[in-house]
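**Student:** Next up, work_0.pdb (PDB, C-alpha atoms and all ligand atoms).
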ATOM      1  CA  MET A 124      18.865 -22.192   3.359
ATOM      2  CA  GLY A 125      15.479 -21.604   1.766
ATOM      3  CA  LEU A 126      12.798 -19.169   2.768
ATOM      4  CA  LYS A 127      10.819 -19.883   5.948
ATOM      5  CA  ILE A 128       7.148 -18.987   5.925
ATOM      6  CA  TRP A 129       5.051 -18.474   9.035
ATOM      7  CA  LEU A 130       1.899 -20.515   8.458
ATOM      8  CA  ASP A 131      -0.706 -20.764  11.187
ATOM      9  CA  GLY A 132       1.677 -20.815  14.110
ATOM     10  CA  LYS A 133       4.643 -22.605  12.589
ATOM     11  CA  LEU A 134       7.659 -21.641  10.524
ATOM     12  CA  VAL A 135       7.753 -23.997   7.573
ATOM     13  CA  ASP A 136       9.906 -24.308   4.470
ATOM     14  CA  LYS A 137       8.631 -22.387   1.460
ATOM     15  CA  ASP A 138       7.917 -25.640  -0.401
ATOM     16  CA  ASP A 139       5.744 -26.853   2.472
ATOM     17  CA  ALA A 140       3.858 -23.577   2.889
ATOM     18  CA  LYS A 141       0.612 -24.595   1.236
ATOM     19  CA  VAL A 142      -3.026 -23.685   1.694
ATOM     20  CA  SER A 143      -6.130 -25.643   0.752
ATOM     21  CA  VAL A 144      -7.955 -25.061  -2.527
ATOM     22  CA  PHE A 145     -11.040 -24.749  -0.296
ATOM     23  CA  ASP A 146      -9.599 -21.680   1.451
ATOM     24  CA  HIS A 147     -12.015 -18.837   0.837
ATOM     25  CA  GLY A 148      -9.036 -16.558   0.336
ATOM     26  CA  LEU A 149      -8.531 -18.399  -2.946
ATOM     27  CA  LEU A 150     -12.173 -19.204  -3.737
ATOM     28  CA  TYR A 151     -13.518 -15.691  -3.125
ATOM     29  CA  GLY A 152     -10.601 -13.370  -2.393
ATOM     30  CA  ASP A 153     -12.049 -13.357   1.129
ATOM     31  CA  GLY A 154      -9.347 -12.118   3.439
ATOM     32  CA  VAL A 155      -7.212  -9.119   4.349
ATOM     33  CA  PHE A 156      -3.515  -8.350   4.107
ATOM     34  CA  GLU A 157      -0.711  -5.895   4.763
ATOM     35  CA  GLY A 158       2.521  -5.107   2.954
ATOM     36  CA  ILE A 159       5.174  -3.873   5.367
ATOM     37  CA  ARG A 160       8.781  -2.757   4.945
ATOM     38  CA  VAL A 161      11.732  -3.842   7.019
ATOM     39  CA  TYR A 162      14.465  -1.202   7.219
ATOM     40  CA  ASP A 163      17.732  -2.026   9.019
ATOM     41  CA  SER A 164      16.083  -5.065  10.673
ATOM     42  CA  ARG A 165      13.246  -2.964  12.093
ATOM     43  CA  ILE A 166       9.632  -3.432  11.001
ATOM     44  CA  PHE A 167       8.535  -0.033   9.716
ATOM     45  CA  GLU A 168       5.418   1.466  11.370
ATOM     46  CA  ASN A 169       4.516  -1.954  12.720
ATOM     47  CA  ASP A 170       1.753  -0.754  15.057
ATOM     48  CA  ALA A 171       0.026   1.200  12.299
ATOM     49  CA  HIS A 172       0.064  -1.803   9.959
ATOM     50  CA  ILE A 173      -1.281  -4.161  12.607
ATOM     51  CA  LYS A 174      -3.990  -1.681  13.536
ATOM     52  CA  ARG A 175      -5.047  -1.355   9.891
ATOM     53  CA  LEU A 176      -5.078  -5.140   9.493
ATOM     54  CA  PHE A 177      -7.339  -5.558  12.526
ATOM     55  CA  GLU A 178      -9.649  -2.803  11.299
ATOM     56  CA  SER A 179      -9.857  -4.374   7.835
ATOM     57  CA  ALA A 180     -10.648  -7.724   9.481
ATOM     58  CA  ARG A 181     -13.261  -6.198  11.751
ATOM     59  CA  ALA A 182     -14.959  -4.510   8.803
ATOM     60  CA  ILE A 183     -15.390  -7.859   7.041
ATOM     61  CA  ARG A 184     -16.215  -9.790  10.262
ATOM     62  CA  LEU A 185     -13.057 -11.838  10.087
ATOM     63  CA  LYS A 186     -11.634 -13.082  13.351
ATOM     64  CA  ILE A 187      -7.845 -12.994  13.690
ATOM     65  CA  ARG A 188      -6.878 -15.758  16.083
ATOM     66  CA  LEU A 189      -3.885 -13.920  17.524
ATOM     67  CA  THR A 190      -3.678 -10.754  19.575
ATOM     68  CA  GLN A 191      -1.942  -7.720  18.107
ATOM     69  CA  ASP A 192       1.086  -8.433  20.321
ATOM     70  CA  GLU A 193       1.249 -12.070  19.298
ATOM     71  CA  LEU A 194       1.069 -11.079  15.660
ATOM     72  CA  ALA A 195       3.883  -8.557  16.116
ATOM     73  CA  LYS A 196       6.021 -11.291  17.735
ATOM     74  CA  ALA A 197       5.261 -13.710  14.893
ATOM     75  CA  MET A 198       6.406 -11.087  12.392
ATOM     76  CA  GLU A 199       9.642 -10.465  14.314
ATOM     77  CA  GLU A 200      10.269 -14.190  14.417
ATOM     78  CA  THR A 201       9.719 -14.546  10.672
ATOM     79  CA  VAL A 202      12.019 -11.619   9.876
ATOM     80  CA  LYS A 203      14.775 -13.097  12.090
ATOM     81  CA  ALA A 204      14.378 -16.615  10.727
ATOM     82  CA  ASN A 205      14.976 -15.284   7.222
ATOM     83  CA  ASN A 206      17.784 -12.848   8.152
ATOM     84  CA  ILE A 207      15.932  -9.969   6.583
ATOM     85  CA  VAL A 208      17.740  -6.658   7.117
ATOM     86  CA  ASN A 209      16.059  -4.634   4.383
ATOM     87  CA  GLY A 210      13.024  -6.299   2.917
ATOM     88  CA  TYR A 211       9.344  -6.742   2.899
ATOM     89  CA  ILE A 212       6.689  -8.585   4.885
ATOM     90  CA  ARG A 213       3.457  -9.798   3.362
ATOM     91  CA  LEU A 214       1.001 -10.526   6.148
ATOM     92  CA  LEU A 215      -2.240 -12.251   5.185
ATOM     93  CA  VAL A 216      -5.299 -13.420   7.027
ATOM     94  CA  THR A 217      -7.588 -15.547   4.881
ATOM     95  CA  ARG A 218     -11.116 -16.616   5.809
ATOM     96  CA  GLY A 219      -9.817 -20.183   5.898
ATOM     97  CA  VAL A 220     -11.089 -23.532   4.683
ATOM     98  CA  GLY A 221     -14.803 -23.660   3.952
ATOM     99  CA  THR A 222     -17.317 -25.126   1.545
ATOM    100  CA  LEU A 223     -18.082 -24.290  -2.084
ATOM    101  CA  GLY A 224     -20.474 -21.515  -1.166
ATOM    102  CA  LEU A 225     -20.062 -17.920  -0.123
ATOM    103  CA  ASN A 226     -21.048 -18.362   3.524
ATOM    104  CA  PRO A 227     -17.941 -17.204   5.426
ATOM    105  CA  PHE A 228     -19.312 -18.478   8.727
ATOM    106  CA  LEU A 229     -18.912 -22.065   7.561
ATOM    107  CA  CYS A 230     -15.132 -21.509   7.519
ATOM    108  CA  GLU A 231     -13.956 -22.758  10.871
ATOM    109  CA  ASN A 232     -10.614 -21.068  11.276
ATOM    110  CA  SER A 233      -9.091 -18.069   9.608
ATOM    111  CA  CYS A 234      -5.543 -18.685   8.410
ATOM    112  CA  ILE A 235      -2.545 -16.449   9.100
ATOM    113  CA  ILE A 236       0.412 -16.346   6.723
ATOM    114  CA  ILE A 237       3.569 -14.260   7.086
ATOM    115  CA  ILE A 238       6.082 -14.060   4.246
ATOM    116  CA  ALA A 239       9.312 -12.104   4.778
ATOM    117  CA  ASP A 240      11.372 -11.670   1.665
ATOM    118  CA  LYS A 241      13.318  -9.231  -0.476
ATOM    119  CA  ILE A 242      11.323  -6.482  -2.113
ATOM    120  CA  GLN A 243      11.130  -5.862  -5.824
ATOM    121  CA  LEU A 244      12.111  -2.208  -6.162
ATOM    122  CA  TYR A 245      11.556   0.217  -8.997
ATOM    123  CA  PRO A 246      14.901   0.949 -10.685
ATOM    124  CA  GLU A 247      16.787   3.789  -8.949
ATOM    125  CA  GLU A 248      16.775   5.679 -12.254
ATOM    126  CA  LEU A 249      12.991   6.017 -12.051
ATOM    127  CA  TYR A 250      13.337   7.927  -8.769
ATOM    128  CA  GLU A 251      15.921  10.281 -10.235
ATOM    129  CA  LYS A 252      14.110  10.906 -13.500
ATOM    130  CA  GLY A 253      10.556  10.579 -12.244
ATOM    131  CA  MET A 254       7.790   8.357 -13.523
ATOM    132  CA  LYS A 255       5.238   8.715 -16.305
ATOM    133  CA  ILE A 256       1.699   7.601 -15.561
ATOM    134  CA  ILE A 257      -1.801   7.654 -17.038
ATOM    135  CA  SER A 258      -5.363   8.108 -15.846
ATOM    136  CA  ALA A 259      -7.205   4.794 -15.659
ATOM    137  CA  ASN A 260     -10.701   4.382 -17.054
ATOM    138  CA  THR A 261     -11.432   1.789 -14.373
ATOM    139  CA  VAL A 262     -13.315   3.597 -11.598
ATOM    140  CA  ARG A 263     -12.214   2.937  -8.008
ATOM    141  CA  ASN A 264     -14.557   0.666  -6.049
ATOM    142  CA  HIS A 265     -17.662   2.493  -4.916
ATOM    143  CA  PRO A 266     -17.423   2.842  -1.121
ATOM    144  CA  LEU A 267     -20.855   1.246  -0.786
ATOM    145  CA  ALA A 268     -19.626  -1.759  -2.775
ATOM    146  CA  ILE A 269     -16.252  -2.422  -1.140
ATOM    147  CA  PRO A 270     -14.989   0.291   1.215
ATOM    148  CA  PRO A 271     -11.543   1.165  -0.196
ATOM    149  CA  GLN A 272     -10.182   1.463   3.362
ATOM    150  CA  ILE A 273     -10.391  -2.313   3.668
ATOM    151  CA  LYS A 274      -7.101  -3.758   2.455
ATOM    152  CA  SER A 275      -8.769  -6.891   1.199
ATOM    153  CA  MET A 276      -7.359  -9.777  -0.780
ATOM    154  CA  ASN A 277      -9.665  -8.780  -3.617
ATOM    155  CA  TYR A 278      -7.497  -6.467  -5.726
ATOM    156  CA  LEU A 279      -9.179  -6.915  -9.096
ATOM    157  CA  ASN A 280     -10.283  -3.275  -9.184
ATOM    158  CA  ASN A 281      -6.659  -2.156  -8.908
ATOM    159  CA  ILE A 282      -5.373  -4.908 -11.183
ATOM    160  CA  LEU A 283      -7.687  -3.754 -13.987
ATOM    161  CA  ALA A 284      -6.238  -0.255 -13.666
ATOM    162  CA  LYS A 285      -2.692  -1.675 -13.547
ATOM    163  CA  ILE A 286      -3.375  -3.515 -16.821
ATOM    164  CA  GLU A 287      -4.385  -0.186 -18.378
ATOM    165  CA  ALA A 288      -1.079   1.297 -17.195
ATOM    166  CA  LEU A 289       0.983  -1.582 -18.581
ATOM    167  CA  ASP A 290      -0.908  -1.509 -21.890
ATOM    168  CA  ASN A 291       0.202   2.117 -22.144
ATOM    169  CA  ASN A 292       3.826   1.260 -21.323
ATOM    170  CA  VAL A 293       3.778   2.972 -17.916
ATOM    171  CA  MET A 294       3.999   1.467 -14.427
ATOM    172  CA  GLU A 295       1.124   3.195 -12.669
ATOM    173  CA  ALA A 296      -2.347   4.578 -13.262
ATOM    174  CA  ILE A 297      -4.441   7.082 -11.354
ATOM    175  CA  MET A 298      -7.869   5.820 -10.339
ATOM    176  CA  TYR A 299     -10.783   8.224 -10.015
ATOM    177  CA  ASN A 300     -13.806   7.594  -7.839
ATOM    178  CA  HIS A 301     -17.450   7.286  -8.920
ATOM    179  CA  GLU A 302     -17.785  11.081  -8.688
ATOM    180  CA  GLY A 303     -14.746  11.729 -10.856
ATOM    181  CA  PHE A 304     -12.423  12.845  -8.068
ATOM    182  CA  VAL A 305      -8.912  11.445  -7.724
ATOM    183  CA  ALA A 306      -8.847   8.408  -5.441
ATOM    184  CA  GLU A 307      -5.361   6.883  -5.620
ATOM    185  CA  ALA A 308      -2.950   4.948  -7.805
ATOM    186  CA  THR A 309      -3.209   1.142  -8.022
ATOM    187  CA  GLY A 310      -0.952   0.661  -4.991
ATOM    188  CA  ASP A 311       0.001   4.164  -3.897
ATOM    189  CA  ASN A 312      -1.528   7.381  -2.583
ATOM    190  CA  VAL A 313      -1.513  10.620  -4.576
ATOM    191  CA  PHE A 314       0.035  13.981  -3.663
ATOM    192  CA  ILE A 315       0.399  17.168  -5.678
ATOM    193  CA  VAL A 316       2.045  20.509  -4.956
ATOM    194  CA  LYS A 317       0.525  23.791  -6.126
ATOM    195  CA  ASP A 318       1.917  27.209  -5.163
ATOM    196  CA  GLY A 319       3.963  25.672  -2.344
ATOM    197  CA  VAL A 320       1.002  23.840  -0.759
ATOM    198  CA  VAL A 321       0.840  20.040  -0.691
ATOM    199  CA  TYR A 322      -2.557  18.532  -1.499
ATOM    200  CA  THR A 323      -3.731  14.948  -1.128
ATOM    201  CA  PRO A 324      -7.216  13.491  -1.552
ATOM    202  CA  PRO A 325      -9.050  12.735   1.705
ATOM    203  CA  VAL A 326      -9.572   9.075   2.563
ATOM    204  CA  GLU A 327     -13.290   9.481   1.732
ATOM    205  CA  SER A 328     -12.269   9.972  -1.894
ATOM    206  CA  GLY A 329     -11.925   6.209  -2.119
ATOM    207  CA  SER A 330      -8.342   5.615  -1.144
ATOM    208  CA  LEU A 331      -6.660   3.315   1.269
ATOM    209  CA  GLU A 332      -5.432   5.238   4.287
ATOM    210  CA  GLY A 333      -1.805   4.727   3.412
ATOM    211  CA  ILE A 334       0.740   4.460   6.168
ATOM    212  CA  THR A 335       3.425   6.024   3.988
ATOM    213  CA  ARG A 336       0.927   8.817   3.257
ATOM    214  CA  LYS A 337       0.523   9.476   6.968
ATOM    215  CA  VAL A 338       4.284   9.543   7.568
ATOM    216  CA  VAL A 339       4.844  11.898   4.617
ATOM    217  CA  ILE A 340       2.125  14.277   5.863
ATOM    218  CA  LYS A 341       3.847  14.332   9.255
ATOM    219  CA  LEU A 342       7.277  14.948   7.720
ATOM    220  CA  ALA A 343       5.944  17.741   5.495
ATOM    221  CA  LYS A 344       4.355  19.466   8.479
ATOM    222  CA  GLU A 345       7.669  19.224  10.340
ATOM    223  CA  GLU A 346       9.203  21.109   7.421
ATOM    224  CA  LYS A 347       6.505  23.783   7.860
ATOM    225  CA  ILE A 348       5.003  22.802   4.521
ATOM    226  CA  CYS A 349       1.241  23.279   4.483
ATOM    227  CA  VAL A 350      -0.654  20.030   3.753
ATOM    228  CA  VAL A 351      -4.316  20.132   2.761
ATOM    229  CA  GLU A 352      -6.584  17.104   2.343
ATOM    230  CA  LYS A 353      -8.967  18.029  -0.433
ATOM    231  CA  ASN A 354     -10.766  16.413  -3.346
ATOM    232  CA  LEU A 355      -8.701  16.717  -6.516
ATOM    233  CA  THR A 356      -9.807  16.617 -10.146
ATOM    234  CA  LYS A 357      -8.024  15.442 -13.247
ATOM    235  CA  PHE A 358      -7.509  19.131 -14.095
ATOM    236  CA  ASP A 359      -5.722  19.676 -10.753
ATOM    237  CA  LEU A 360      -3.306  16.874 -11.686
ATOM    238  CA  TYR A 361      -2.718  18.320 -15.160
ATOM    239  CA  VAL A 362      -1.815  21.805 -13.912
ATOM    240  CA  CYS A 363       0.035  21.052 -10.672
ATOM    241  CA  ASP A 364       3.610  22.187  -9.986
ATOM    242  CA  GLU A 365       4.765  18.834  -8.572
ATOM    243  CA  PHE A 366       3.271  15.391  -8.300
ATOM    244  CA  PHE A 367       4.345  12.350  -6.293
ATOM    245  CA  LEU A 368       3.034   9.000  -5.110
ATOM    246  CA  THR A 369       3.587   7.353  -1.741
ATOM    247  CA  GLY A 370       3.360   3.714  -0.740
ATOM    248  CA  THR A 371       5.159   0.912   1.029
ATOM    249  CA  ALA A 372       6.653  -0.405  -2.201
ATOM    250  CA  ALA A 373       7.322   2.907  -3.990
ATOM    251  CA  GLU A 374       8.130   4.995  -0.863
ATOM    252  CA  VAL A 375       8.057   8.532  -2.362
ATOM    253  CA  ILE A 376       8.305   8.722  -6.154
ATOM    254  CA  GLY A 377       8.035  11.796  -8.363
ATOM    255  CA  ILE A 378       5.625  11.881 -11.312
ATOM    256  CA  VAL A 379       6.735  13.880 -14.330
ATOM    257  CA  ASP A 380       4.034  13.115 -16.875
ATOM    258  CA  ILE A 381       0.354  12.214 -16.717
ATOM    259  CA  ASP A 382      -1.654  11.520 -19.872
ATOM    260  CA  GLY A 383       1.029  13.333 -21.865
ATOM    261  CA  ARG A 384       0.972  16.514 -19.726
ATOM    262  CA  THR A 385       4.463  17.324 -18.480
ATOM    263  CA  ILE A 386       4.752  18.100 -14.754
ATOM    264  CA  SER A 387       7.472  20.291 -13.187
ATOM    265  CA  GLU A 388       9.539  20.566 -16.351
ATOM    266  CA  GLY A 389       9.816  16.821 -16.637
ATOM    267  CA  LYS A 390      11.809  16.151 -13.461
ATOM    268  CA  PRO A 391      10.878  15.528  -9.812
ATOM    269  CA  GLY A 392      10.275  18.882  -8.096
ATOM    270  CA  PRO A 393      12.066  20.338  -5.046
ATOM    271  CA  ILE A 394       9.370  19.536  -2.453
ATOM    272  CA  THR A 395       9.079  15.983  -3.788
ATOM    273  CA  THR A 396      12.847  15.540  -3.562
ATOM    274  CA  LYS A 397      12.978  17.045  -0.064
ATOM    275  CA  LEU A 398      10.212  14.743   1.184
ATOM    276  CA  ARG A 399      11.781  11.703  -0.455
ATOM    277  CA  GLU A 400      15.073  12.445   1.332
ATOM    278  CA  LYS A 401      13.309  13.060   4.641
ATOM    279  CA  PHE A 402      11.372   9.841   4.253
ATOM    280  CA  PHE A 403      14.588   7.890   3.642
ATOM    281  CA  LYS A 404      16.155   9.318   6.793
ATOM    282  CA  TYR A 405      13.038   8.666   8.851
ATOM    283  CA  ALA A 406      12.762   5.074   7.602
ATOM    284  CA  HIS A 407      16.389   4.417   8.485
ATOM    285  CA  GLY A 408      15.986   5.968  11.920
ATOM    286  CA  LYS A 409      18.243   8.934  11.173
ATOM    287  CA  GLU A 410      15.923  11.546  12.594
TER     288      GLU A 410
HETATM  289  N1  LIG B 501      -3.441   2.376  -1.977
HETATM  290  C1  LIG B 501      -3.514   1.072  -2.266
HETATM  291  C2  LIG B 501      -4.642   0.554  -3.058
HETATM  292  C3  LIG B 501      -2.518   0.210  -1.798
HETATM  293  O1  LIG B 501      -2.574  -1.089  -2.069
HETATM  294  C4  LIG B 501      -1.391   2.112  -0.806
HETATM  295  C5  LIG B 501      -2.425   2.904  -1.273
HETATM  296  C6  LIG B 501      -0.307   2.744   0.007
HETATM  297  O2  LIG B 501      -0.441   2.371   1.356
HETATM  298  P1  LIG B 501       0.814   2.164   2.316
HETATM  299  O3  LIG B 501       0.198   1.837   3.636
HETATM  300  O4  LIG B 501       1.629   1.034   1.760
HETATM  301  O5  LIG B 501       1.541   3.443   2.315
HETATM  302  C7  LIG B 501      -1.434   0.738  -1.054
HETATM  303  C8  LIG B 501      -0.356  -0.170  -0.566
HETATM  304  C9  LIG B 501       2.556  -4.523  -3.786
HETATM  305  C10 LIG B 501       2.314  -3.652  -2.626
HETATM  306  O6  LIG B 501       3.000  -5.653  -3.587
HETATM  307  C11 LIG B 501       1.272  -2.744  -2.637
HETATM  308  C12 LIG B 501       1.055  -1.939  -1.522
HETATM  309  C13 LIG B 501       1.881  -2.030  -0.443
HETATM  310  C14 LIG B 501       2.911  -2.936  -0.447
HETATM  311  C15 LIG B 501       3.141  -3.763  -1.552
HETATM  312  O7  LIG B 501       2.269  -4.113  -4.907
HETATM  313  N2  LIG B 501       0.013  -1.078  -1.574
END
Mind converting the file's structure to C-alpha cells?
**Tutor:**
Amino acid sequence: MGLKIWLDGKLVDKDDAKVSVFDHGLLYGDGVFEGIRVYDSRIFENDAHIKRLFESARAIRLKIRLTQDELAKAMEETVKANNIVNGYIRLLVTRGVGTLGLNPFLCENSCIIIIADKIQLYPEELYEKGMKIISANTVRNHPLAIPPQIKSMNYLNNILAKIEALDNNVMEAIMYNHEGFVAEATGDNVFIVKDGVVYTPPVESGSLEGITRKVVIKLAKEEKICVVEKNLTKFDLYVCDEFFLTGTAAEVIGIVDIDGRTISEGKPGPITTKLREKFFKYAHGKE
C-alpha cells in the first residue's frame, strides 16, 4: 500500500496528492510549515508544534482553516493511515491558489497538507564520532526582513548556507546574524558548553525557537546543569569545551570541529552525551 497524504481534508494516494502551479506556496514560497517527529506512535511535542505553526501563520496573516484540535486530529489520522511508528510529519499550510501577482489576499483558500513518512536520519556513526561543520558566509535573515521565528516555506537563506556546507564536504553550517552573533545552523539550534555551563543564543539572535532546543534546556535544568541564553561569537564557538546542535531531524548531535578548530578532543563531550541520552529517553517516554 502506498503513502497516503492528507490534502485539504481528505486522505489521498501519494500520486494524487497534487497542488496547483498557481499556489502561492510554489509561486512565492508563501506559506508556513512544521517538521514533527513520531516516536513509538506518539506525535512528539504536538501542542508546541501546532502553537508555533499558528503563530507563524498569524505573523504572515495566513488563515488556517482548521482549529488547533482539528489539525491535531488530522495529524493523528495521517500517522495511523500510514502505520507510522517512528517517523516524521511534514505539516504545511500554503497561501493557496491565487493569481500571478504577489497579493496574498487574492488567494481564496489556504491549503493544508500533511505528509507522514519515514525520516532520513544521519548515520549512527556521526552521533558516536561527532560532526564537523563550518561557519557560513551567508548571513541569517535580518529580523526586519523576515523574522527568523516564522517557520516559513521560504528557506533560501538556509539553503544558501547548506550549499556552503556541502561545498566544504560537511553536513551543516553555522549562520551568524547581521551583527555577527551566532544565530543557528541551517536546520538546528546551537549549544556550547564552557566551564560546565551550557550556553545557547537567545531567540532574538535570529534563530527559530526550536522545540528540541526547549526540551533540551528543560532536561539540562533537571540535571542541575546551568543553562544561559546569551549572544555567542565565532570566538566562543572556537574555544568552547563542548558543542552540539539540536533539532527535530538531528535530535542532539555533537560537533567536534568547526572551521578546522577541534572541539573537546575531537569527540562528543560528556554533557552532550548525557543530554543526548536523556533526550532519547524523554522522546520514547521513558522518563
Ligand atoms: N532552526 C531552523 C532554521 C530549523 O529549520 C530548527 C532550528 C530546530 O527546530 P526544532 O523545532 O525542529 O527543534 C529548525 C528545524 C528538514 C527539517 O527536513 C528541518 C527542521 C526540522 C525538521 C526537518 O531538514 N528544522
**Student:** Would you tabulate, counting all atoms listed in the file, all residues of chain A that have an atom at most 8 Å from an atom of ligand LIG 501 (chain B), showing the closest pair of atoms and their distance in Å to one decimal, sorted by chain then ascending number, as JSON lines?
**Tutor:**
{"residue": "A:Glu157", "atom": "CA", "partner": "B:LIG501", "partner_atom": "C13", "distance": 7.0}
{"residue": "A:Gly158", "atom": "CA", "partner": "B:LIG501", "partner_atom": "C14", "distance": 4.1}
{"residue": "A:Ile159", "atom": "CA", "partner": "B:LIG501", "partner_atom": "C14", "distance": 6.3}
{"residue": "A:Arg160", "atom": "CA", "partner": "B:LIG501", "partner_atom": "C14", "distance": 8.0}
{"residue": "A:His172", "atom": "CA", "partner": "B:LIG501", "partner_atom": "O3", "distance": 7.3}
{"residue": "A:Arg213", "atom": "CA", "partner": "B:LIG501", "partner_atom": "C15", "distance": 7.8}
{"residue": "A:Pro271", "atom": "CA", "partner": "B:LIG501", "partner_atom": "C2", "distance": 7.5}
{"residue": "A:Lys274", "atom": "CA", "partner": "B:LIG501", "partner_atom": "O1", "distance": 6.9}
{"residue": "A:Asn281", "atom": "CA", "partner": "B:LIG501", "partner_atom": "C2", "distance": 6.8}
{"residue": "A:Glu307", "atom": "CA", "partner": "B:LIG501", "partner_atom": "N1", "distance": 6.1}
{"residue": "A:Ala308", "atom": "CA", "partner": "B:LIG501", "partner_atom": "N1", "distance": 6.4}
{"residue": "A:Thr309", "atom": "CA", "partner": "B:LIG501", "partner_atom": "C2", "distance": 5.2}
{"residue": "A:Gly310", "atom": "CA", "partner": "B:LIG501", "partner_atom": "C3", "distance": 3.6}
{"residue": "A:Asp311", "atom": "CA", "partner": "B:LIG501", "partner_atom": "C5", "distance": 3.8}
{"residue": "A:Asn312", "atom": "CA", "partner": "B:LIG501", "partner_atom": "C5", "distance": 4.8}
{"residue": "A:Ser330", "atom": "CA", "partner": "B:LIG501", "partner_atom": "N1", "distance": 5.9}
{"residue": "A:Leu331", "atom": "CA", "partner": "B:LIG501", "partner_atom": "N1", "distance": 4.7}
{"residue": "A:Glu332", "atom": "CA", "partner": "B:LIG501", "partner_atom": "O2", "distance": 6.5}
{"residue": "A:Gly333", "atom": "CA", "partner": "B:LIG501", "partner_atom": "O2", "distance": 3.4}
{"residue": "A:Ile334", "atom": "CA", "partner": "B:LIG501", "partner_atom": "O3", "distance": 3.7}
{"residue": "A:Thr335", "atom": "CA", "partner": "B:LIG501", "partner_atom": "O5", "distance": 3.6}
{"residue": "A:Arg336", "atom": "CA", "partner": "B:LIG501", "partner_atom": "O5", "distance": 5.5}
{"residue": "A:Lys337", "atom": "CA", "partner": "B:LIG501", "partner_atom": "O5", "distance": 7.7}
{"residue": "A:Thr369", "atom": "CA", "partner": "B:LIG501", "partner_atom": "O5", "distance": 6.0}
{"residue": "A:Gly370", "atom": "CA", "partner": "B:LIG501", "partner_atom": "O5", "distance": 3.6}
{"residue": "A:Thr371", "atom": "CA", "partner": "B:LIG501", "partner_atom": "O4", "distance": 3.6}
{"residue": "A:Ala372", "atom": "CA", "partner": "B:LIG501", "partner_atom": "C14", "distance": 4.8}
{"residue": "A:Glu374", "atom": "CA", "partner": "B:LIG501", "partner_atom": "O5", "distance": 7.5}
**Student:** When you look at segment 384-391 of chain A with a cut-off of 7 Å (counting all atoms listed in the file), what residues show up, excluding the ones that are within fewer than 6 positions of it in the same chain? I need them as a ChimeraX atom specification.
**Tutor:** /A:252-253,361,363-365,377-378
**Student:** With all atoms listed in the file counted and 10 Å as the cut-off, give the residues of segment 217-323 of chain A in contact with segment 392-402 of chain A, each with its shortest interatomic distance in Å and the pair that gives it, as CSV.
**Tutor:**
residue,atom,partner,partner_atom,distance
A:Tyr250,CA,A:Thr396,CA,9.2
A:Glu251,CA,A:Thr396,CA,9.0
A:Gly253,CA,A:Gly392,CA,9.3
A:Phe314,CA,A:Thr395,CA,9.3
A:Ile315,CA,A:Thr395,CA,9.0
A:Val316,CA,A:Ile394,CA,7.8
A:Gly319,CA,A:Ile394,CA,8.2
A:Val320,CA,A:Ile394,CA,9.6
A:Val321,CA,A:Ile394,CA,8.7
**Student:** What is the atom CA of Ile297 of chain A to atom CA of Asp153 of chain A distance in Å?
**Tutor:**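 Taking atom CA of Ile297 of chain A and atom CA of Asp153 of chain A, their separation equals 25.1 Å.
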**Student:** As a check of understanding, name the residues that the PyMOL selection byres (((chain A and resi 187) around 9) and not hetatm) selects in the supplied structure, as a ChimeraX atom specification.
**Tutor:** /A:177,180-181,185-186,188-190,216,232-235
**Student:** Taking only C-alpha atoms into account, name the residue in A:Ile173, A:Ala182, A:Val362, A:Ile381 that is nearest to Ile273 of chain A.
**Tutor:**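 So, comparing all the options, the nearest one is A:Ala182.
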**Student:** Select, from A:Val155, A:Leu267, A:Leu368, A:Val351, the residue with the minimum atom-to-atom distance to His301 of chain A, counting only C-alpha atoms.
**Tutor:** A:Leu267
**Student:** Find, counting all atoms listed in the file, the residue in A:Leu150, A:Leu215, A:Asn169, A:Pro270 that gets nearest to Lys196 of chain A.
**Tutor:**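 Smallest distance to Lys196 of chain A is found for A:Asn169.
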**Student:** Name the residues that the PyMOL selection byres (((chain A and resi 306) around 6) and not hetatm) picks from the file above, as a PDB file with C-alpha atoms, keeping the file's coordinate frame, using the file's chain letters and numbers.
**Tutor:**
ATOM      1  CA  MET A 298      -7.869   5.820 -10.339  1.00  0.00           C
ATOM      2  CA  TYR A 299     -10.783   8.224 -10.015  1.00  0.00           C
ATOM      3  CA  ASN A 300     -13.806   7.594  -7.839  1.00  0.00           C
ATOM      4  CA  VAL A 305      -8.912  11.445  -7.724  1.00  0.00           C
ATOM      5  CA  GLU A 307      -5.361   6.883  -5.620  1.00  0.00           C
ATOM      6  CA  SER A 328     -12.269   9.972  -1.894  1.00  0.00           C
ATOM      7  CA  GLY A 329     -11.925   6.209  -2.119  1.00  0.00           C
ATOM      8  CA  SER A 330      -8.342   5.615  -1.144  1.00  0.00           C
TER       9      SER A 330
END
**Student:** To one decimal in Å, tell me the separation between atom CA of Glu302 of chain A and atom CA of Ile286 of chain A.
**Tutor:**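 According to the coordinates, atom CA of Glu302 of chain A and atom CA of Ile286 of chain A are separated by 22.1 Å.
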**Student:** With distances taken over only C-alpha atoms, which residue among A:His147, A:Lys255, A:Lys174, A:Lys133 lies nearest Met294 of chain A?
**Tutor:**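 Under the stated criterion, the closest residue is A:Lys255.
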**Student:** Name all residues at most 12 Å from Ile282 of chain A (count only C-alpha atoms; drop same-chain ones fewer than 5 positions away) and give them as a ChimeraX atom specification.
**Tutor:** /A:259,261-264,276-277,287-289,294-296,298,308-310
